[in-house]
Amino acid sequence: MQRRHFLELGLGTAAFTAAGLARATPVGMPQKWDETHDFVVIGAGSGGLAAAAYAKDAGLDVVVLEKLSFVGGSSLICGGAWATAGTDEQKAKGIEDSPEKYLKDMLATGQHQNDPELVKAMIASTRIAYEFVTKKIGVKPDTVDAASGMSVPRAHHFVPANLIKGLYEYDKSKGVPFLMNTAAERLVWDPQETVIAGVRATSKGKTLWIRARKGVLIASGGFSRNPKLLKKYNPLMAAVDPEGGPGNTGDGLLMAQAYGADVLDTQFIKATFGYRPDPKKYGPHTLHGYYEGAILVNGEGKRFVNESISYKLLSDAALKQKDVKAFEFFDEAVRVKMRDSTAKYRKLLGPLDNGGEVEYCLRGNTVEEVAQKAGIDPKVLRATVDRYNDFARKGKDEDFGRTSLTSGYGKIFPLTEGPFYLYQAKPRLIATYCGLRIDPKARVIDVFGEPIPHLYACGEAVGGVHGAAYMSGSAVGKAIGFGRIAALEVAN
């Protein structure tokens, strides 16, 4: 009742909003709609594409709005990991996993600040969607390994472009219309039915009013590209180089907040560790060598963190180092193992074969030699490596408590096989991992704990799933899993 009264009062100013003034008030319905559909999807990342696929298959008339000239969003430039449990690929490798293990890992990684019911819904839905993508669409992962937050390997690695292409081509084959270069600006309210009735958008300078008979899905990503929102919610992150989709400016978050939408987890916005330092020079590729056995040292050559924790928490630790300088230190055995594990790592580390040189990864025949190249005191780095190797042989890290490669998976081991490498790495803000509060049906929830009628959300626009930190591959799961749930909920 509180929201209805608020909206009824707000409609007194709707005419001004419809005229183009930027006010956080409800937008009233136009005299005439330009288009009418059952389901309007805002954003053509993996979540929006999956939602459109399921909506179309369920018999809905669906349209996708994308403000950029291309599809994919952050999913197009992510690491390609999709976390799901109990797959054929896992079974073929003898990996024993289950939804229960996945849930336990998610809650532990999120420090129990995430919503268990939301996580359960995501795990179940993304598992079904994984079968849809791999078997019906035919896009397959190239490997399965253990990554941040996983007690068993469940990171199914896809080439991001292939995953997006598969979903997009499926949608197009089913006749889903895409309105590209079309920016959703406001949600439209129907005061008679008391529901979200559609979207006001702009395309080529023209205002479009697009009606949604049954629902609107916000799949527009986060706000890593919006300095004002970052400064508002987490000022520390405003100083971190942004990564992620270029369209991630928080549009969906703001549109929903105009209707009282609740927001979760802004205090947990964290950068991702493992990027090469210069964002203009080096693209969106990370090296998580610490999960393969590497250690992290700062500009003084000293370890500063337990390398097995989430790379979100590693970023927190790196940001505290002088000049935010940190290196991944590893030996030849680790380099070769990583090089042969994925196409991305082969691209990063393959050029070092046969004595090759790259400026972002220094090599030395001895620990002292590579330290000197990096401007680190050779004696300090040697002492650091020797101390860690002694711990690794004993299986007990007395300095930072590291007992595994990542989240309890894999045993630590000494780094002794030269040549040795120092790979300088920095945090970048790839995603915000917070956002609109939803329930397990993907319905957007307002500040009073009530669903906002006919409004849904998925993917990076959503909070409550990750909690205090992040499991690799759960972002893709959150996008596609809740995109699927929203589409089926609207179809019911």
# chains A, B, ... in the order shown; residues from 1 in each chain; ligands from 1
call {"tool": "residues_around", "arguments": {"residues": "Tyr168 in chain A", "least_positions_apart": "2", "cutoff": "12 Å", "atoms": "only C-alpha atoms", "output": "number ranges by chain"}}
result
A: 44-53, 64, 70-72, 76, 133, 137, 139, 161-166, 170-178
call {"tool": "residues_around", "arguments": {"residues": "Gly355 in chain A", "least_positions_apart": "3", "cutoff": "12 Å", "atoms": "only C-alpha atoms", "output": "VMD selection string"}}
result
chain A and resid 332 349 to 352 358 362 to 365 419
call {"tool": "write_last_selection", "arguments": {"atoms": "all heavy atoms", "output": "PDB file, in the first residue's frame"}}
result
ATOM      1  N   GLU A 332      59.123 -22.390 -13.623  1.00  0.00           N
ATOM      2  CA  GLU A 332      58.873 -22.884 -14.967  1.00  0.00           C
ATOM      3  C   GLU A 332      57.788 -23.955 -14.991  1.00  0.00           C
ATOM      4  O   GLU A 332      56.966 -24.003 -15.918  1.00  0.00           O
ATOM      5  CB  GLU A 332      60.169 -23.438 -15.567  1.00  0.00           C
ATOM      6  CG  GLU A 332      60.027 -24.049 -16.953  1.00  0.00           C
ATOM      7  CD  GLU A 332      59.700 -23.037 -18.052  1.00  0.00           C
ATOM      8  OE1 GLU A 332      59.623 -21.823 -17.755  1.00  0.00           O
ATOM      9  OE2 GLU A 332      59.515 -23.458 -19.206  1.00  0.00           O
ATOM     10  N   LEU A 349      51.197 -16.668 -21.788  1.00  0.00           N
ATOM     11  CA  LEU A 349      52.467 -17.258 -21.374  1.00  0.00           C
ATOM     12  C   LEU A 349      53.213 -17.993 -22.475  1.00  0.00           C
ATOM     13  O   LEU A 349      54.410 -18.268 -22.335  1.00  0.00           O
ATOM     14  CB  LEU A 349      52.224 -18.212 -20.195  1.00  0.00           C
ATOM     15  CG  LEU A 349      51.605 -17.563 -18.951  1.00  0.00           C
ATOM     16  CD1 LEU A 349      51.307 -18.608 -17.895  1.00  0.00           C
ATOM     17  CD2 LEU A 349      52.505 -16.475 -18.391  1.00  0.00           C
ATOM     18  N   GLY A 350      52.533 -18.304 -23.565  1.00  0.00           N
ATOM     19  CA  GLY A 350      53.183 -18.985 -24.679  1.00  0.00           C
ATOM     20  C   GLY A 350      54.353 -18.216 -25.272  1.00  0.00           C
ATOM     21  O   GLY A 350      55.371 -18.818 -25.651  1.00  0.00           O
ATOM     22  N   PRO A 351      54.265 -16.871 -25.368  1.00  0.00           N
ATOM     23  CA  PRO A 351      55.380 -16.111 -25.938  1.00  0.00           C
ATOM     24  C   PRO A 351      56.692 -16.250 -25.169  1.00  0.00           C
ATOM     25  O   PRO A 351      57.746 -15.847 -25.657  1.00  0.00           O
ATOM     26  CB  PRO A 351      54.865 -14.664 -25.900  1.00  0.00           C
ATOM     27  CG  PRO A 351      53.382 -14.794 -25.973  1.00  0.00           C
ATOM     28  CD  PRO A 351      53.075 -16.017 -25.164  1.00  0.00           C
ATOM     29  N   LEU A 352      56.642 -16.794 -23.947  1.00  0.00           N
ATOM     30  CA  LEU A 352      57.854 -16.983 -23.153  1.00  0.00           C
ATOM     31  C   LEU A 352      58.564 -18.299 -23.478  1.00  0.00           C
ATOM     32  O   LEU A 352      59.635 -18.572 -22.930  1.00  0.00           O
ATOM     33  CB  LEU A 352      57.499 -16.935 -21.660  1.00  0.00           C
ATOM     34  CG  LEU A 352      57.101 -15.544 -21.147  1.00  0.00           C
ATOM     35  CD1 LEU A 352      56.279 -15.656 -19.871  1.00  0.00           C
ATOM     36  CD2 LEU A 352      58.323 -14.679 -20.916  1.00  0.00           C
ATOM     37  N   VAL A 358      58.531 -10.996 -22.906  1.00  0.00           N
ATOM     38  CA  VAL A 358      57.375 -10.093 -22.923  1.00  0.00           C
ATOM     39  C   VAL A 358      57.565  -9.108 -21.772  1.00  0.00           C
ATOM     40  O   VAL A 358      58.078  -9.469 -20.711  1.00  0.00           O
ATOM     41  CB  VAL A 358      56.033 -10.841 -22.769  1.00  0.00           C
ATOM     42  CG1 VAL A 358      55.746 -11.705 -23.988  1.00  0.00           C
ATOM     43  CG2 VAL A 358      56.024 -11.693 -21.509  1.00  0.00           C
ATOM     44  N   LEU A 362      58.483 -10.877 -16.303  1.00  0.00           N
ATOM     45  CA  LEU A 362      59.941 -10.922 -16.257  1.00  0.00           C
ATOM     46  C   LEU A 362      60.428 -12.330 -15.961  1.00  0.00           C
ATOM     47  O   LEU A 362      59.796 -13.073 -15.217  1.00  0.00           O
ATOM     48  CB  LEU A 362      60.452  -9.955 -15.182  1.00  0.00           C
ATOM     49  CG  LEU A 362      59.985  -8.497 -15.340  1.00  0.00           C
ATOM     50  CD1 LEU A 362      60.407  -7.677 -14.130  1.00  0.00           C
ATOM     51  CD2 LEU A 362      60.518  -7.890 -16.621  1.00  0.00           C
ATOM     52  N   ARG A 363      61.575 -12.674 -16.562  1.00  0.00           N
ATOM     53  CA  ARG A 363      62.147 -14.001 -16.383  1.00  0.00           C
ATOM     54  C   ARG A 363      63.592 -13.890 -15.889  1.00  0.00           C
ATOM     55  O   ARG A 363      64.342 -12.988 -16.278  1.00  0.00           O
ATOM     56  CB  ARG A 363      62.144 -14.754 -17.719  1.00  0.00           C
ATOM     57  CG  ARG A 363      62.713 -16.165 -17.645  1.00  0.00           C
ATOM     58  CD  ARG A 363      63.554 -16.545 -18.864  1.00  0.00           C
ATOM     59  NE  ARG A 363      62.972 -16.099 -20.093  1.00  0.00           N
ATOM     60  CZ  ARG A 363      62.146 -16.817 -20.856  1.00  0.00           C
ATOM     61  NH1 ARG A 363      61.832 -18.041 -20.520  1.00  0.00           N
ATOM     62  NH2 ARG A 363      61.668 -16.313 -21.978  1.00  0.00           N
ATOM     63  N   GLY A 364      63.972 -14.826 -15.026  1.00  0.00           N
ATOM     64  CA  GLY A 364      65.359 -14.906 -14.581  1.00  0.00           C
ATOM     65  C   GLY A 364      65.749 -16.352 -14.373  1.00  0.00           C
ATOM     66  O   GLY A 364      64.925 -17.160 -13.920  1.00  0.00           O
ATOM     67  N   ASN A 365      66.970 -16.679 -14.683  1.00  0.00           N
ATOM     68  CA  ASN A 365      67.419 -18.061 -14.471  1.00  0.00           C
ATOM     69  C   ASN A 365      67.487 -18.404 -12.993  1.00  0.00           C
ATOM     70  O   ASN A 365      67.399 -19.568 -12.611  1.00  0.00           O
ATOM     71  CB  ASN A 365      68.778 -18.288 -15.139  1.00  0.00           C
ATOM     72  CG  ASN A 365      68.680 -18.270 -16.651  1.00  0.00           C
ATOM     73  OD1 ASN A 365      67.703 -18.754 -17.227  1.00  0.00           O
ATOM     74  ND2 ASN A 365      69.671 -17.685 -17.315  1.00  0.00           N
ATOM     75  N   PRO A 419      63.650 -21.571 -15.191  1.00  0.00           N
ATOM     76  CA  PRO A 419      63.697 -20.165 -14.774  1.00  0.00           C
ATOM     77  C   PRO A 419      62.492 -19.756 -13.925  1.00  0.00           C
ATOM     78  O   PRO A 419      61.496 -20.463 -13.862  1.00  0.00           O
ATOM     79  CB  PRO A 419      63.737 -19.416 -16.106  1.00  0.00           C
ATOM     80  CG  PRO A 419      63.129 -20.342 -17.098  1.00  0.00           C
ATOM     81  CD  PRO A 419      63.479 -21.718 -16.652  1.00  0.00           C
TER      82      PRO A 419
END
call {"tool": "closest_atom_pairs", "arguments": {"of": "range 270-318 of chain A", "to": "range 241-246 of chain A", "cutoff": "10 Å", "atoms": "only C-alpha atoms", "output": "CSV"}}
result
residue,atom,partner,partner_atom,distance
A:Ala271,CA,A:Pro242,CA,8.7
A:Thr272,CA,A:Glu243,CA,9.4
A:Tyr275,CA,A:Glu243,CA,9.9
A:Pro277,CA,A:Asp241,CA,9.3
A:Asp278,CA,A:Asp241,CA,9.0
A:Pro279,CA,A:Asp241,CA,7.2
A:Lys280,CA,A:Asp241,CA,10.0
A:Gly283,CA,A:Glu243,CA,9.2
A:Pro284,CA,A:Glu243,CA,7.2
call {"tool": "residues_around", "arguments": {"residues": "Ala317 in chain A", "least_positions_apart": "5", "cutoff": "12 Å", "atoms": "only C-alpha atoms", "output": "tab-separated table (two decimals) with C-alpha atoms, in the first residue's frame"}}
result
chain	number	residue	atom	x	y	z
A	270	LYS	CA	35.46	-5.20	-4.95
A	271	ALA	CA	38.00	-5.18	-7.73
A	272	THR	CA	39.34	-8.31	-9.42
A	273	PHE	CA	43.02	-9.11	-9.02
A	296	LEU	CA	52.13	-13.03	-4.40
A	297	VAL	CA	54.84	-10.58	-3.42
A	298	ASN	CA	54.79	-6.80	-3.17
A	303	ARG	CA	54.37	-11.95	0.65
A	304	PHE	CA	51.33	-10.10	1.97
A	305	VAL	CA	48.31	-12.41	1.77
A	306	ASN	CA	46.99	-15.99	1.72
A	307	GLU	CA	46.97	-16.58	-2.04
A	309	ILE	CA	41.36	-16.75	-1.06
A	310	SER	CA	38.95	-15.08	-3.49
A	311	TYR	CA	40.63	-12.76	-5.98
A	312	LYS	CA	38.24	-10.08	-4.76
A	322	LYS	CA	52.81	0.66	-1.63
A	324	VAL	CA	49.58	-0.92	-5.42
A	325	LYS	CA	52.55	-2.92	-6.70
A	326	ALA	CA	52.25	-6.70	-6.63
A	426	LYS	CA	46.88	-5.14	-10.47
A	427	PRO	CA	43.23	-4.94	-9.48
call {"tool": "closest_atom_pairs", "arguments": {"of": "range 387-452 of chain A", "to": "range 194-218 of chain A", "cutoff": "10 Å", "atoms": "only C-alpha atoms", "output": "Markdown table"}}
result
| residue | atom | partner | partner_atom | distance |
| --- | --- | --- | --- | --- |
| A:Leu436 | CA | A:Ile218 | CA | 9.4 |
| A:Ala442 | CA | A:Leu217 | CA | 9.0 |
| A:Arg443 | CA | A:Leu217 | CA | 9.0 |
| A:Val444 | CA | A:Ile218 | CA | 9.1 |
| A:Ile452 | CA | A:Val195 | CA | 7.3 |
call {"tool": "select_by_dssp", "arguments": {"residues": "range 353-395 of chain A", "states": "strand (DSSP E)", "output": "mmCIF file with C-alpha atoms, in the first residue's frame"}}
result
data_model
loop_
_atom_site.group_PDB
_atom_site.id
_atom_site.type_symbol
_atom_site.label_atom_id
_atom_site.label_comp_id
_atom_site.auth_asym_id
_atom_site.auth_seq_id
_atom_site.Cartn_x
_atom_site.Cartn_y
_atom_site.Cartn_z
ATOM 1 C CA CYS A 361 56.297 -10.993 -17.347
ATOM 2 C CA LEU A 362 59.941 -10.922 -16.257
ATOM 3 C CA ARG A 363 62.147 -14.001 -16.383
ATOM 4 C CA GLY A 364 65.359 -14.906 -14.581
#
call {"tool": "residues_around", "arguments": {"residues": "Pro227 in chain A", "least_positions_apart": "4", "cutoff": "12 Å", "atoms": "only C-alpha atoms", "output": "PyMOL selection string"}}
result
chain A and resi 222-223+231-242+248-250+429+432
call {"tool": "write_last_selection", "arguments": {"atoms": "all heavy atoms", "output": "compact mmCIF listing (two decimals), in the first residue's frame"}}
result
# COMPACT_ATOMS: atom_id res chain seq x y z
N GLY A 222 25.95 -3.87 -14.31
CA GLY A 222 26.20 -3.09 -13.11
C GLY A 222 26.57 -1.66 -13.41
O GLY A 222 26.07 -1.07 -14.37
N PHE A 223 27.48 -1.09 -12.59
CA PHE A 223 27.81 0.33 -12.79
C PHE A 223 29.31 0.61 -12.62
O PHE A 223 29.72 1.64 -12.13
CB PHE A 223 26.99 1.22 -11.84
CG PHE A 223 27.01 0.83 -10.38
CD1 PHE A 223 27.94 1.39 -9.52
CD2 PHE A 223 26.08 -0.06 -9.88
CE1 PHE A 223 27.96 1.05 -8.17
CE2 PHE A 223 26.09 -0.41 -8.52
CZ PHE A 223 27.03 0.15 -7.67
N LYS A 231 31.41 6.36 -6.45
CA LYS A 231 31.78 7.25 -5.35
C LYS A 231 30.70 7.26 -4.28
O LYS A 231 30.99 7.36 -3.08
CB LYS A 231 32.00 8.66 -5.90
CG LYS A 231 32.57 9.63 -4.87
CD LYS A 231 32.89 10.97 -5.51
CE LYS A 231 33.49 11.92 -4.48
NZ LYS A 231 33.82 13.24 -5.08
N LYS A 232 29.46 7.13 -4.69
CA LYS A 232 28.35 7.12 -3.74
C LYS A 232 28.34 5.85 -2.89
O LYS A 232 28.17 5.91 -1.68
CB LYS A 232 27.02 7.23 -4.51
CG LYS A 232 25.79 7.10 -3.64
CD LYS A 232 24.52 7.20 -4.48
CE LYS A 232 23.28 7.02 -3.61
NZ LYS A 232 22.03 7.12 -4.41
N TYR A 233 28.53 4.70 -3.54
CA TYR A 233 28.37 3.42 -2.85
C TYR A 233 29.67 2.83 -2.30
O TYR A 233 29.64 2.09 -1.31
CB TYR A 233 27.70 2.41 -3.77
CG TYR A 233 26.25 2.68 -4.01
CD1 TYR A 233 25.77 2.93 -5.29
CD2 TYR A 233 25.34 2.69 -2.95
CE1 TYR A 233 24.41 3.17 -5.51
CE2 TYR A 233 23.99 2.95 -3.16
CZ TYR A 233 23.54 3.18 -4.45
OH TYR A 233 22.19 3.43 -4.67
N ASN A 234 30.80 3.12 -2.94
CA ASN A 234 32.06 2.54 -2.49
C ASN A 234 33.21 3.40 -3.01
O ASN A 234 33.82 3.10 -4.04
CB ASN A 234 32.19 1.10 -3.01
CG ASN A 234 33.24 0.31 -2.25
OD1 ASN A 234 34.32 0.80 -1.98
ND2 ASN A 234 32.92 -0.92 -1.91
N PRO A 235 33.53 4.49 -2.32
CA PRO A 235 34.51 5.47 -2.81
C PRO A 235 35.87 4.87 -3.16
O PRO A 235 36.53 5.35 -4.09
CB PRO A 235 34.62 6.46 -1.65
CG PRO A 235 33.33 6.35 -0.93
CD PRO A 235 32.93 4.90 -1.04
N LEU A 236 36.31 3.82 -2.45
CA LEU A 236 37.61 3.21 -2.74
C LEU A 236 37.68 2.71 -4.18
O LEU A 236 38.71 2.83 -4.85
CB LEU A 236 37.88 2.06 -1.77
CG LEU A 236 39.19 1.29 -1.97
CD1 LEU A 236 40.39 2.21 -1.73
CD2 LEU A 236 39.25 0.09 -1.02
N MET A 237 36.57 2.17 -4.67
CA MET A 237 36.56 1.60 -6.02
C MET A 237 36.57 2.67 -7.11
O MET A 237 36.91 2.38 -8.26
CB MET A 237 35.33 0.70 -6.19
CG MET A 237 35.37 -0.56 -5.37
SD MET A 237 36.76 -1.65 -5.79
CE MET A 237 37.85 -1.35 -4.40
N ALA A 238 36.21 3.88 -6.76
CA ALA A 238 36.22 4.95 -7.77
C ALA A 238 37.63 5.25 -8.25
O ALA A 238 37.83 5.83 -9.32
CB ALA A 238 35.58 6.21 -7.20
N ALA A 239 38.65 4.83 -7.47
CA ALA A 239 40.04 5.07 -7.82
C ALA A 239 40.67 3.90 -8.57
O ALA A 239 41.83 3.97 -8.97
CB ALA A 239 40.85 5.36 -6.56
N VAL A 240 39.91 2.83 -8.78
CA VAL A 240 40.43 1.63 -9.45
C VAL A 240 40.10 1.70 -10.94
O VAL A 240 39.00 2.13 -11.32
CB VAL A 240 39.83 0.35 -8.83
CG1 VAL A 240 40.34 -0.89 -9.54
CG2 VAL A 240 40.17 0.28 -7.35
N ASP A 241 41.03 1.28 -11.78
CA ASP A 241 40.76 1.27 -13.22
C ASP A 241 39.54 0.41 -13.52
O ASP A 241 39.45 -0.74 -13.08
CB ASP A 241 41.97 0.70 -13.98
CG ASP A 241 43.17 1.62 -13.94
OD1 ASP A 241 42.97 2.84 -13.89
OD2 ASP A 241 44.31 1.12 -13.96
N PRO A 242 38.58 0.95 -14.29
CA PRO A 242 37.37 0.17 -14.59
C PRO A 242 37.61 -0.82 -15.72
O PRO A 242 38.41 -0.60 -16.62
CB PRO A 242 36.37 1.25 -15.03
CG PRO A 242 37.24 2.31 -15.62
CD PRO A 242 38.50 2.31 -14.81
N ASN A 248 28.04 -0.58 -18.81
CA ASN A 248 27.70 -0.78 -17.40
C ASN A 248 27.72 0.54 -16.63
O ASN A 248 28.65 0.85 -15.90
CB ASN A 248 28.70 -1.76 -16.77
CG ASN A 248 28.48 -3.18 -17.21
OD1 ASN A 248 27.62 -3.44 -18.05
ND2 ASN A 248 29.25 -4.10 -16.68
N THR A 249 26.66 1.28 -16.79
CA THR A 249 26.57 2.59 -16.15
C THR A 249 25.42 2.70 -15.15
O THR A 249 25.06 3.79 -14.72
CB THR A 249 26.42 3.70 -17.22
OG1 THR A 249 25.34 3.37 -18.10
CG2 THR A 249 27.70 3.84 -18.03
N GLY A 250 24.84 1.57 -14.78
CA GLY A 250 23.83 1.56 -13.72
C GLY A 250 22.44 1.99 -14.13
O GLY A 250 21.61 2.31 -13.26
N LEU A 429 38.37 -3.01 -11.70
CA LEU A 429 36.96 -3.18 -11.34
C LEU A 429 36.21 -3.72 -12.55
O LEU A 429 35.75 -2.97 -13.41
CB LEU A 429 36.36 -1.86 -10.87
CG LEU A 429 34.93 -1.96 -10.34
CD1 LEU A 429 34.87 -2.89 -9.13
CD2 LEU A 429 34.41 -0.58 -9.96
N THR A 432 30.46 -4.90 -10.51
CA THR A 432 30.11 -4.39 -9.19
C THR A 432 29.51 -5.46 -8.28
O THR A 432 29.54 -5.32 -7.07
CB THR A 432 29.15 -3.19 -9.33
OG1 THR A 432 28.20 -3.42 -10.38
CG2 THR A 432 29.93 -1.95 -9.65
call {"tool": "select_by_dssp", "arguments": {"residues": "range 81-262 of chain A", "states": "helix (DSSP H, G or I)", "output": "PyMOL selection string"}}
result
chain A and resi 88-92+99-109+116-137+160-173+227-233+235-239+251-257
call {"tool": "closest_residue", "arguments": {"among": "A:Ala318, A:Leu405, A:Leu253, A:Ala294", "to": "Ala457 in chain A", "atoms": "only C-alpha atoms"}}
result
A:Leu253
call {"tool": "closest_residue", "arguments": {"among": "A:Val476, A:Leu264, A:Cys434, A:Val334", "to": "Glu292 in chain A", "atoms": "only C-alpha atoms"}}
result
A:Val334
call {"tool": "atom_distance", "arguments": {"atom1": "CA of Asp316 in chain A", "atom2": "CA of Gly459 in chain A"}}
result
23.3 Å
call {"tool": "atom_distance", "arguments": {"atom1": "CA of Lys56 in chain A", "atom2": "CA of Ser220 in chain A"}}
result
19.3 Å
